[in-house]
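Everything on this sheet refers to the single structure shown next.
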Amino acid sequence: MKINFKRLDHIMLCIPPGTEQQARDFYGGVLGLPELTDLGYPLPHGAIWFQMGDIQLHIRAEEVHDLSQRHPAFEVHDLEAARAVLEQHGVAVKNESKIPDRNRFSFRDPFGNRIELIEMIA
């Protein structure tokens with residue numbers, strides 16, 4: 001059994017708390033990325049989302065600590081099968097906050113990097 005990866009969905013970068021407008025000015029203004037503001041639901045944890053080609057860039061404020069929330073998110077074909085593969089190998093998975101159009105969880109690789117897997121809800 002293996003994880004059936006579909007595509008890279010998004011990358012999340014973290015910024016210091018209170019610098020959200022500066023992030024909008026840079027990513028939206030300087031880089032010219034369109035901000036995703038009308039998704040029909042509030043973004044988790046006050047995140048700011050931009051469209052970057054065929055993937056999204058997610059920005060979120062975070063205090064500095066040992067295990068950052070920065071991560072890539074990969075869309076998979078069968079999220080529960082992916083969970084089973086990871087758990088069979090002793091990898092702990094963490095359910096993430098709900099987003100209406102996707103199911104998701106994350107895990108840490110052996111080096112502490114956070115990786116998110118998502119499955120879009122039709």
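The chains in the structure tokens are called A, B, ... from first to last as shown; in each chain the residues are counted from 1, and the ligands are counted from 1 in the order shown.
When the distance limit is 12 Å and only C-alpha atoms are what count, the residues near Ile11 (chain A), minus those fewer than 6 positions from it on the same chain, are Ile48, Trp49, Phe50, Gln51, Met52, Asp54, Ile55, Gln56, Leu57, His58, Ile59, Arg60, Gln69, Arg70, His71, Pro72, Ala73, Phe74, Glu75, Arg114, Ile115, Glu116 and Leu117 of chain A.
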Limited to C-alpha atoms, could you put the picked residues into a file as a PDB file, in the first residue's frame?
ATOM      1  CA  ILE A  48      -4.148  35.183   4.558  1.00  0.00           C
ATOM      2  CA  TRP A  49      -4.361  33.168   1.332  1.00  0.00           C
ATOM      3  CA  PHE A  50      -2.994  34.141  -2.082  1.00  0.00           C
ATOM      4  CA  GLN A  51      -3.267  32.417  -5.457  1.00  0.00           C
ATOM      5  CA  MET A  52       0.150  31.601  -6.919  1.00  0.00           C
ATOM      6  CA  ASP A  54      -2.022  26.669  -9.754  1.00  0.00           C
ATOM      7  CA  ILE A  55      -1.173  26.486  -6.034  1.00  0.00           C
ATOM      8  CA  GLN A  56      -1.953  28.681  -3.058  1.00  0.00           C
ATOM      9  CA  LEU A  57       0.354  30.521  -0.694  1.00  0.00           C
ATOM     10  CA  HIS A  58      -0.979  30.608   2.876  1.00  0.00           C
ATOM     11  CA  ILE A  59       0.422  33.162   5.336  1.00  0.00           C
ATOM     12  CA  ARG A  60      -0.206  32.981   9.079  1.00  0.00           C
ATOM     13  CA  GLN A  69       3.729  25.415  11.457  1.00  0.00           C
ATOM     14  CA  ARG A  70       5.393  26.170   8.080  1.00  0.00           C
ATOM     15  CA  HIS A  71       4.601  23.373   5.668  1.00  0.00           C
ATOM     16  CA  PRO A  72       3.831  22.163   2.174  1.00  0.00           C
ATOM     17  CA  ALA A  73       0.383  20.617   1.660  1.00  0.00           C
ATOM     18  CA  PHE A  74      -0.079  17.812  -0.827  1.00  0.00           C
ATOM     19  CA  GLU A  75      -3.425  16.791  -2.254  1.00  0.00           C
ATOM     20  CA  ARG A 114       5.358  19.502   9.204  1.00  0.00           C
ATOM     21  CA  ILE A 115       3.626  18.021   6.148  1.00  0.00           C
ATOM     22  CA  GLU A 116      -0.090  18.362   5.485  1.00  0.00           C
ATOM     23  CA  LEU A 117      -2.156  15.996   3.362  1.00  0.00           C
TER      24      LEU A 117
END
List every residue of chain A that DSSP, applied to the backbone, labels as strand (DSSP E or B), and write the result as a ChimeraX atom specification.
/A:5-15,35,48-52,55-61,71-76,93-95,99,102-108,114-120
Any chance you could export the current selection's N, CA and C atoms as a compact mmCIF listing (two decimals), in the first residue's frame?
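Just written: selection.txt:
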# COMPACT_ATOMS: atom_id res chain seq x y z
N PHE A 5 -0.25 10.42 -4.22
CA PHE A 5 -0.15 11.88 -4.29
C PHE A 5 -0.73 12.37 -5.60
N LYS A 6 -1.45 13.48 -5.53
CA LYS A 6 -2.07 14.08 -6.71
C LYS A 6 -1.30 15.31 -7.16
N ARG A 7 -1.07 16.25 -6.24
CA ARG A 7 -0.40 17.50 -6.60
C ARG A 7 -0.05 18.28 -5.33
N LEU A 8 0.84 19.27 -5.48
CA LEU A 8 1.10 20.22 -4.40
C LEU A 8 -0.08 21.18 -4.37
N ASP A 9 -0.72 21.33 -3.23
CA ASP A 9 -1.88 22.21 -3.10
C ASP A 9 -1.48 23.61 -2.64
N HIS A 10 -0.69 23.69 -1.56
CA HIS A 10 -0.26 24.99 -1.06
C HIS A 10 1.01 24.88 -0.24
N ILE A 11 1.59 26.03 -0.01
CA ILE A 11 2.73 26.17 0.89
C ILE A 11 2.32 27.20 1.94
N MET A 12 2.61 26.94 3.21
CA MET A 12 2.31 27.91 4.24
C MET A 12 3.60 28.49 4.79
N LEU A 13 3.66 29.82 4.83
CA LEU A 13 4.78 30.55 5.43
C LEU A 13 4.26 31.28 6.64
N CYS A 14 5.12 31.48 7.62
CA CYS A 14 4.72 32.17 8.85
C CYS A 14 5.38 33.53 8.94
N ILE A 15 4.65 34.45 9.56
CA ILE A 15 5.12 35.82 9.75
C ILE A 15 4.97 36.17 11.23
N GLU A 35 -5.15 38.10 -3.61
CA GLU A 35 -5.56 37.56 -2.31
C GLU A 35 -6.91 36.89 -2.45
N ILE A 48 -4.00 34.39 5.78
CA ILE A 48 -4.15 35.18 4.56
C ILE A 48 -3.75 34.24 3.42
N TRP A 49 -4.64 34.08 2.44
CA TRP A 49 -4.36 33.17 1.33
C TRP A 49 -4.22 33.94 0.04
N PHE A 50 -3.22 33.56 -0.77
CA PHE A 50 -2.99 34.14 -2.08
C PHE A 50 -2.99 33.02 -3.12
N GLN A 51 -3.38 33.37 -4.34
CA GLN A 51 -3.27 32.42 -5.46
C GLN A 51 -1.91 32.63 -6.10
N MET A 52 -1.20 31.54 -6.35
CA MET A 52 0.15 31.60 -6.92
C MET A 52 0.21 30.55 -8.03
N ILE A 55 -1.18 26.83 -7.46
CA ILE A 55 -1.17 26.49 -6.03
C ILE A 55 -1.52 27.73 -5.23
N GLN A 56 -1.69 27.56 -3.94
CA GLN A 56 -1.95 28.68 -3.06
C GLN A 56 -0.78 28.90 -2.12
N LEU A 57 -0.61 30.15 -1.71
CA LEU A 57 0.35 30.52 -0.69
C LEU A 57 -0.45 30.95 0.51
N HIS A 58 -0.28 30.28 1.64
CA HIS A 58 -0.98 30.61 2.88
C HIS A 58 0.01 31.28 3.82
N ILE A 59 -0.40 32.40 4.40
CA ILE A 59 0.42 33.16 5.34
C ILE A 59 -0.31 33.19 6.67
N ARG A 60 0.42 32.93 7.75
CA ARG A 60 -0.21 32.98 9.08
C ARG A 60 0.79 33.49 10.10
N ALA A 61 0.31 34.31 11.03
CA ALA A 61 1.16 34.80 12.11
C ALA A 61 1.47 33.67 13.08
N HIS A 71 4.75 24.70 6.26
CA HIS A 71 4.60 23.37 5.67
C HIS A 71 4.19 23.43 4.21
N PRO A 72 4.49 22.37 3.46
CA PRO A 72 3.83 22.16 2.17
C PRO A 72 2.58 21.32 2.43
N ALA A 73 1.58 21.46 1.58
CA ALA A 73 0.38 20.62 1.66
C ALA A 73 0.20 19.91 0.33
N PHE A 74 0.07 18.61 0.37
CA PHE A 74 -0.08 17.81 -0.83
C PHE A 74 -1.49 17.26 -0.89
N GLU A 75 -2.12 17.41 -2.05
CA GLU A 75 -3.43 16.79 -2.25
C GLU A 75 -3.20 15.32 -2.60
N VAL A 76 -4.01 14.45 -2.01
CA VAL A 76 -3.93 13.02 -2.27
C VAL A 76 -5.28 12.51 -2.76
N VAL A 93 -0.36 11.10 13.31
CA VAL A 93 -1.04 12.10 12.50
C VAL A 93 -1.86 13.00 13.42
N LYS A 94 -2.04 14.24 12.99
CA LYS A 94 -2.79 15.24 13.76
C LYS A 94 -3.92 15.77 12.89
N ASN A 95 -5.15 15.61 13.35
CA ASN A 95 -6.28 16.21 12.64
C ASN A 95 -6.18 17.72 12.75
N ILE A 99 -11.95 22.86 7.41
CA ILE A 99 -12.14 23.79 6.30
C ILE A 99 -13.22 23.16 5.44
N ARG A 102 -12.43 20.79 2.21
CA ARG A 102 -11.35 19.80 2.22
C ARG A 102 -11.27 19.09 3.57
N ASN A 103 -10.85 17.84 3.52
CA ASN A 103 -10.47 17.10 4.72
C ASN A 103 -8.95 17.13 4.77
N ARG A 104 -8.40 17.11 6.00
CA ARG A 104 -6.95 17.24 6.08
C ARG A 104 -6.42 16.74 7.41
N PHE A 105 -5.15 16.41 7.41
CA PHE A 105 -4.40 16.13 8.62
C PHE A 105 -2.94 16.44 8.34
N SER A 106 -2.15 16.48 9.40
CA SER A 106 -0.72 16.73 9.21
C SER A 106 0.08 15.71 10.00
N PHE A 107 1.36 15.66 9.70
CA PHE A 107 2.29 14.80 10.42
C PHE A 107 3.65 15.47 10.36
N ARG A 108 4.56 15.00 11.19
CA ARG A 108 5.94 15.50 11.19
C ARG A 108 6.84 14.40 10.64
N ARG A 114 6.80 19.77 9.26
CA ARG A 114 5.36 19.50 9.20
C ARG A 114 4.95 19.31 7.75
N ILE A 115 4.16 18.29 7.48
CA ILE A 115 3.63 18.02 6.15
C ILE A 115 2.13 17.82 6.29
N GLU A 116 1.37 18.48 5.46
CA GLU A 116 -0.09 18.36 5.48
C GLU A 116 -0.55 17.58 4.26
N LEU A 117 -1.51 16.69 4.46
CA LEU A 117 -2.16 16.00 3.36
C LEU A 117 -3.62 16.39 3.35
N ILE A 118 -4.15 16.65 2.15
CA ILE A 118 -5.54 17.08 2.01
C ILE A 118 -6.24 16.26 0.94
N GLU A 119 -7.56 16.20 1.08
CA GLU A 119 -8.41 15.63 0.05
C GLU A 119 -9.57 16.59 -0.13
N MET A 120 -9.77 17.05 -1.35
CA MET A 120 -10.84 17.99 -1.64
C MET A 120 -12.18 17.27 -1.54
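Here CA of Ala82 (chain A) and CA of Ile3 (chain A) stand 4.9 Å from one another.
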Please, what distance in Å, to one decimal, runs between CA of Leu39 (chain A) and CA of Asp25 (chain A)?
20.5 Å
Considering only C-alpha atoms, state which residue in the set A:Leu43, A:Gln21, A:Asp66, A:Gly28 is at the smallest distance from Lys98 (chain A).
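For Lys98 (chain A), the nearest of the given residues is A:Leu43.
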